[in-house]
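First comes the structure, then the notes that go with it.
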Amino acid sequence: MYGAILGDMIGAPYEFDQGDKTKDFELFDKKQRVRYTDDSAMSLAIAKAIMNVGLDADEASMKAEFIACMQNIGNRYAQGEYGGRFARWLASENPQPYGSFGNGSAMRVSSIGWFFDTLERTREVARWSAEVTHNHPEGVKGAESVAAAIYMARHGATKEEIKQYVVSNFGYDLSRTCDEIRPTYHHVESCQETVPEAFAVFLEGNDFEDVIRTAVSLGGDCDTLTCIAGGMAEAYFGVPEQFKMECIKRLPEEFNTILKEFINIVE
């Protein structure tokens, strides 16, 4: 999950099209602008839920724990950063899915790509994680495709194999280059206009840092786009140790405890 959280942190200062669409920027600035947001909070909530109920839990148990952990963490961290409908969901006594196709379903699944032994189980749990809120087909597709790519990358699949699987199974158009996307890309929060762009970034990247810089250079919903791309990049390239240290020092103790427990399970 380091990759997803770092993507969130590094992309956050440039959200809402606040960047210059360049790869030339300071990764960890001195003004404390590089910090976790709701994307990291929800990524860690999903991981915590799975660890609470166990990898073999059934659909009802898993979904109940997703809801419990997202509400628990979401109502204590990153307040004011959640979208309107999701914020109401967090505050609800009886939270129900609301047909969203927002990119939140795709940004929070990074841990799911690491936990499970089969691609089928990975996709199944990713689907459940989306359906508690983002039960629109596009929301589910975003979550499943990202988790599947992470699973495939950590099991040694090539980028071309990942691309072909995603195109064949999810129907995304991955033919565009980042140079083609960048000039007109803007802040948008749907899976349809975030997930394919994150795949384009990952597929073009030369290493973890290059993926992060390229994602930020596209602009748009930059913390979420870079979170998704960073999660895939970690599974394929790994994350430099100095980046991990920067991540750890920017997280509260509770989040670092969840992250450490997650790493102990998957490594």
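To be explicit about the labels: the chains of the structure tokens are called A, B, and onward in the order shown, and within each one the residues are counted from 1, while ligands get numbers from 1 in the order they are shown.
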
Polymer residues at most 12 Å from Ile248 of chain A, only C-alpha atoms, same-chain spacing of 6 or more positions, as a list of chain:residue names: A:Met1, A:Tyr2, A:Gly3, A:Ile5, A:Leu6, A:Met9, A:Arg35, A:Tyr36, A:Glu241, A:Gln242, A:Glu254, A:Phe255, A:Asn256, A:Thr257, A:Ile258, A:Leu259, A:Lys260

Go ahead and save the picked residues with C-alpha atoms, as an mmCIF file, in the first residue's frame.
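Ended up saving to selection.cif:
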```cif
data_model
loop_
_atom_site.group_PDB
_atom_site.id
_atom_site.type_symbol
_atom_site.label_atom_id
_atom_site.label_comp_id
_atom_site.auth_asym_id
_atom_site.auth_seq_id
_atom_site.Cartn_x
_atom_site.Cartn_y
_atom_site.Cartn_z
ATOM 1 C CA MET A 1 0.000 0.000 0.000
ATOM 2 C CA TYR A 2 2.978 2.336 0.173
ATOM 3 C CA GLY A 3 2.556 3.094 -3.517
ATOM 4 C CA ILE A 5 -0.546 6.194 -0.112
ATOM 5 C CA LEU A 6 2.499 7.932 -1.562
ATOM 6 C CA MET A 9 0.263 12.299 -0.667
ATOM 7 C CA ARG A 35 0.213 14.709 3.318
ATOM 8 C CA TYR A 36 -2.321 11.913 3.347
ATOM 9 C CA GLU A 241 13.142 2.730 0.783
ATOM 10 C CA GLN A 242 13.549 6.492 1.149
ATOM 11 C CA GLU A 254 -2.854 4.359 13.951
ATOM 12 C CA PHE A 255 -2.328 4.312 10.193
ATOM 13 C CA ASN A 256 1.253 3.138 10.531
ATOM 14 C CA THR A 257 0.070 0.306 12.788
ATOM 15 C CA ILE A 258 -2.413 -0.847 10.115
ATOM 16 C CA LEU A 259 0.253 -0.537 7.435
ATOM 17 C CA LYS A 260 2.763 -2.568 9.464
#
```

Contacts of segment 90-97 of chain A at 6 Å (only C-alpha atoms; same-chain gap of 3+ positions) as a PyMOL selection string: chain A and resi 71+87+132-133

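In this comparison, which uses only C-alpha atoms, the residue of A:Gly84, A:Ala41, A:Thr122, A:Asp20 approaching Asp56 of chain A most closely is A:Thr122.
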
Separation of atom CA of Ala126 of chain A from atom CA of Gly7 of chain A, in Å and rounded to one decimal: 19.7 Å

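Going from atom CA of Arg88 of chain A over to atom CA of Asn72 of chain A, you cover 13.6 Å.
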
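The space separating atom CA of Arg176 of chain A from atom CA of Glu197 of chain A comes to 8.5 Å.
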
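The neighbours of segment 43-51 of chain A here are the residues that come within 8 Å of it, using only C-alpha atoms and leaving out any residue fewer than 6 positions away in the same chain; they are Met1, Ala4, Ile5, Met62, Glu65, Phe66, Ala68, Cys69, Met70, Ile73, Met107, Arg108, Val109, Ser110, Ser111, Ile112, Ser129, Phe255, Ile258, Leu259 and Phe262 of chain A.
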
Write out as a CSV table (one decimal) with N, CA and C atoms, in the first residue's frame the set of residues from segment 143-228 of chain A that DSSP, computed on the backbone, places in helix (DSSP H, G or I).
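File produced: result_22.csv:
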```
chain,number,residue,atom,x,y,z
A,143,ALA,N,-12.9,-0.8,-9.5
A,143,ALA,CA,-12.3,-1.4,-8.4
A,143,ALA,C,-11.7,-2.8,-8.8
A,144,GLU,N,-12.5,-3.6,-9.6
A,144,GLU,CA,-12.0,-4.9,-10.0
A,144,GLU,C,-10.7,-4.8,-10.9
A,145,SER,N,-10.8,-3.8,-11.8
A,145,SER,CA,-9.7,-3.8,-12.8
A,145,SER,C,-8.3,-3.4,-12.1
A,146,VAL,N,-8.4,-2.4,-11.2
A,146,VAL,CA,-7.2,-2.0,-10.5
A,146,VAL,C,-6.7,-3.1,-9.6
A,147,ALA,N,-7.5,-3.7,-8.8
A,147,ALA,CA,-7.1,-4.8,-8.0
A,147,ALA,C,-6.5,-6.0,-8.8
A,148,ALA,N,-7.1,-6.3,-9.9
A,148,ALA,CA,-6.6,-7.3,-10.8
A,148,ALA,C,-5.2,-7.0,-11.3
A,149,ALA,N,-5.0,-5.7,-11.7
A,149,ALA,CA,-3.7,-5.3,-12.3
A,149,ALA,C,-2.6,-5.5,-11.2
A,150,ILE,N,-3.0,-5.1,-10.0
A,150,ILE,CA,-2.0,-5.2,-8.9
A,150,ILE,C,-1.6,-6.7,-8.6
A,151,TYR,N,-2.7,-7.5,-8.6
A,151,TYR,CA,-2.4,-8.9,-8.4
A,151,TYR,C,-1.5,-9.5,-9.5
A,152,MET,N,-1.8,-9.1,-10.8
A,152,MET,CA,-1.0,-9.6,-11.9
A,152,MET,C,0.4,-9.1,-11.8
A,153,ALA,N,0.6,-7.9,-11.5
A,153,ALA,CA,1.9,-7.3,-11.5
A,153,ALA,C,2.8,-7.9,-10.4
A,154,ARG,N,2.2,-8.2,-9.2
A,154,ARG,CA,3.0,-8.8,-8.2
A,154,ARG,C,3.3,-10.3,-8.4
A,159,LYS,N,3.7,-5.9,-18.6
A,159,LYS,CA,2.7,-4.8,-18.8
A,159,LYS,C,1.8,-5.1,-19.9
A,160,GLU,N,2.3,-5.7,-21.0
A,160,GLU,CA,1.4,-6.1,-22.1
A,160,GLU,C,0.4,-7.1,-21.7
A,161,GLU,N,0.7,-8.0,-20.9
A,161,GLU,CA,-0.2,-9.0,-20.4
A,161,GLU,C,-1.3,-8.3,-19.5
A,162,ILE,N,-0.9,-7.4,-18.7
A,162,ILE,CA,-1.9,-6.7,-17.9
A,162,ILE,C,-2.8,-5.9,-18.7
A,163,LYS,N,-2.2,-5.2,-19.7
A,163,LYS,CA,-3.0,-4.3,-20.6
A,163,LYS,C,-4.0,-5.2,-21.3
A,164,GLN,N,-3.6,-6.3,-21.9
A,164,GLN,CA,-4.5,-7.1,-22.6
A,164,GLN,C,-5.7,-7.7,-21.8
A,165,TYR,N,-5.3,-8.1,-20.5
A,165,TYR,CA,-6.3,-8.6,-19.6
A,165,TYR,C,-7.4,-7.5,-19.3
A,166,VAL,N,-6.9,-6.3,-19.0
A,166,VAL,CA,-7.8,-5.2,-18.7
A,166,VAL,C,-8.7,-4.8,-19.8
A,167,VAL,N,-8.1,-4.7,-21.0
A,167,VAL,CA,-8.9,-4.4,-22.2
A,167,VAL,C,-10.0,-5.5,-22.5
A,168,SER,N,-9.5,-6.7,-22.4
A,168,SER,CA,-10.4,-7.9,-22.7
A,168,SER,C,-11.6,-8.0,-21.7
A,169,ASN,N,-11.2,-7.8,-20.4
A,169,ASN,CA,-12.2,-8.1,-19.3
A,169,ASN,C,-13.0,-6.9,-18.9
A,170,PHE,N,-12.5,-5.7,-19.1
A,170,PHE,CA,-13.2,-4.5,-18.6
A,170,PHE,C,-13.5,-3.5,-19.7
A,178,CYS,N,0.1,9.2,-22.6
A,178,CYS,CA,-0.1,10.3,-21.7
A,178,CYS,C,0.1,11.7,-22.4
A,179,ASP,N,0.9,11.7,-23.4
A,179,ASP,CA,1.0,13.0,-24.1
A,179,ASP,C,-0.3,13.4,-24.8
A,180,GLU,N,-1.0,12.4,-25.2
A,180,GLU,CA,-2.3,12.6,-25.8
A,180,GLU,C,-3.4,13.0,-24.8
A,181,ILE,N,-3.3,12.4,-23.6
A,181,ILE,CA,-4.3,12.7,-22.6
A,181,ILE,C,-4.1,14.1,-22.0
A,182,ARG,N,-2.8,14.4,-21.7
A,182,ARG,CA,-2.4,15.6,-20.8
A,182,ARG,C,-3.1,16.9,-21.3
A,183,PRO,N,-3.0,17.3,-22.5
A,183,PRO,CA,-3.4,18.7,-22.8
A,183,PRO,C,-4.9,19.0,-22.4
A,184,THR,N,-5.8,18.1,-22.5
A,184,THR,CA,-7.2,18.4,-22.3
A,184,THR,C,-7.7,17.8,-21.0
A,195,VAL,N,-9.7,5.9,-14.1
A,195,VAL,CA,-9.0,4.6,-14.2
A,195,VAL,C,-8.2,4.4,-15.5
A,196,PRO,N,-8.8,4.6,-16.7
A,196,PRO,CA,-8.0,4.4,-17.9
A,196,PRO,C,-6.8,5.3,-17.9
A,197,GLU,N,-6.9,6.5,-17.4
A,197,GLU,CA,-5.7,7.4,-17.4
A,197,GLU,C,-4.7,6.9,-16.4
A,198,ALA,N,-5.1,6.3,-15.3
A,198,ALA,CA,-4.1,5.7,-14.3
A,198,ALA,C,-3.4,4.6,-15.0
A,199,PHE,N,-4.1,3.8,-15.8
A,199,PHE,CA,-3.5,2.7,-16.5
A,199,PHE,C,-2.5,3.2,-17.5
A,200,ALA,N,-2.8,4.2,-18.2
A,200,ALA,CA,-1.9,4.8,-19.2
A,200,ALA,C,-0.6,5.2,-18.5
A,201,VAL,N,-0.7,5.9,-17.4
A,201,VAL,CA,0.5,6.3,-16.6
A,201,VAL,C,1.3,5.1,-16.2
A,202,PHE,N,0.7,4.1,-15.6
A,202,PHE,CA,1.4,2.9,-15.2
A,202,PHE,C,2.1,2.2,-16.4
A,203,LEU,N,1.4,2.1,-17.5
A,203,LEU,CA,1.9,1.3,-18.6
A,203,LEU,C,3.1,2.1,-19.2
A,204,GLU,N,3.1,3.4,-19.2
A,204,GLU,CA,4.3,4.1,-19.7
A,204,GLU,C,5.4,4.3,-18.8
A,208,PHE,N,9.1,3.5,-10.3
A,208,PHE,CA,8.0,4.0,-9.4
A,208,PHE,C,8.0,5.5,-9.5
A,209,GLU,N,9.1,6.2,-9.3
A,209,GLU,CA,9.1,7.6,-9.3
A,209,GLU,C,8.6,8.2,-10.6
A,210,ASP,N,8.9,7.6,-11.7
A,210,ASP,CA,8.5,8.1,-13.0
A,210,ASP,C,6.9,8.0,-13.1
A,211,VAL,N,6.4,6.9,-12.6
A,211,VAL,CA,4.9,6.8,-12.6
A,211,VAL,C,4.3,7.9,-11.8
A,212,ILE,N,4.8,8.1,-10.7
A,212,ILE,CA,4.2,9.2,-9.8
A,212,ILE,C,4.3,10.6,-10.5
A,213,ARG,N,5.5,10.9,-11.0
A,213,ARG,CA,5.7,12.2,-11.7
A,213,ARG,C,4.7,12.3,-12.9
A,214,THR,N,4.6,11.2,-13.7
A,214,THR,CA,3.8,11.3,-14.9
A,214,THR,C,2.3,11.5,-14.5
A,215,ALA,N,1.9,10.8,-13.4
A,215,ALA,CA,0.5,10.9,-13.0
A,215,ALA,C,0.2,12.4,-12.6
A,216,VAL,N,1.1,12.9,-11.8
A,216,VAL,CA,0.9,14.3,-11.4
A,216,VAL,C,0.9,15.3,-12.6
A,217,SER,N,1.7,14.9,-13.6
A,217,SER,CA,1.7,15.8,-14.8
A,217,SER,C,0.4,15.8,-15.6
A,218,LEU,N,-0.4,14.8,-15.4
A,218,LEU,CA,-1.7,14.8,-16.1
A,218,LEU,C,-2.7,15.8,-15.6
A,222,CYS,N,-5.9,14.8,-8.9
A,222,CYS,CA,-4.5,14.3,-8.9
A,222,CYS,C,-4.1,13.4,-7.8
A,223,ASP,N,-4.7,13.6,-6.6
A,223,ASP,CA,-4.4,12.7,-5.5
A,223,ASP,C,-4.9,11.3,-5.8
A,224,THR,N,-6.2,11.2,-6.3
A,224,THR,CA,-6.8,9.9,-6.6
A,224,THR,C,-6.1,9.2,-7.8
A,225,LEU,N,-5.9,10.0,-8.9
A,225,LEU,CA,-5.2,9.4,-10.0
A,225,LEU,C,-3.9,8.9,-9.7
A,226,THR,N,-3.1,9.6,-8.9
A,226,THR,CA,-1.8,9.2,-8.5
A,226,THR,C,-1.8,8.1,-7.5
A,227,CYS,N,-2.8,8.0,-6.7
A,227,CYS,CA,-3.0,6.9,-5.7
A,227,CYS,C,-3.2,5.6,-6.5
A,228,ILE,N,-4.1,5.6,-7.5
A,228,ILE,CA,-4.4,4.4,-8.3
A,228,ILE,C,-3.1,4.0,-9.0
```

Nearest residue to Tyr14 of chain A from the set A:Arg123, A:Glu246, A:Thr118, A:Glu26 (distances using only C-alpha atoms): A:Glu26

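Compared by their closest atoms to Tyr236 of chain A, and using only C-alpha atoms, the residues A:Val34, A:Ile10, A:Ala60, A:Ala157 rank with A:Ala157 nearest.
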
Distance query Lys141 of chain A at most 9 Å, only C-alpha atoms, self and fewer than 6 positions along chain excluded, as a count of residues only: 6

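In this comparison, which uses only C-alpha atoms, the residue of A:Phe25, A:Phe101, A:Tyr82, A:Trp89 approaching Glu189 of chain A most closely is A:Phe101.
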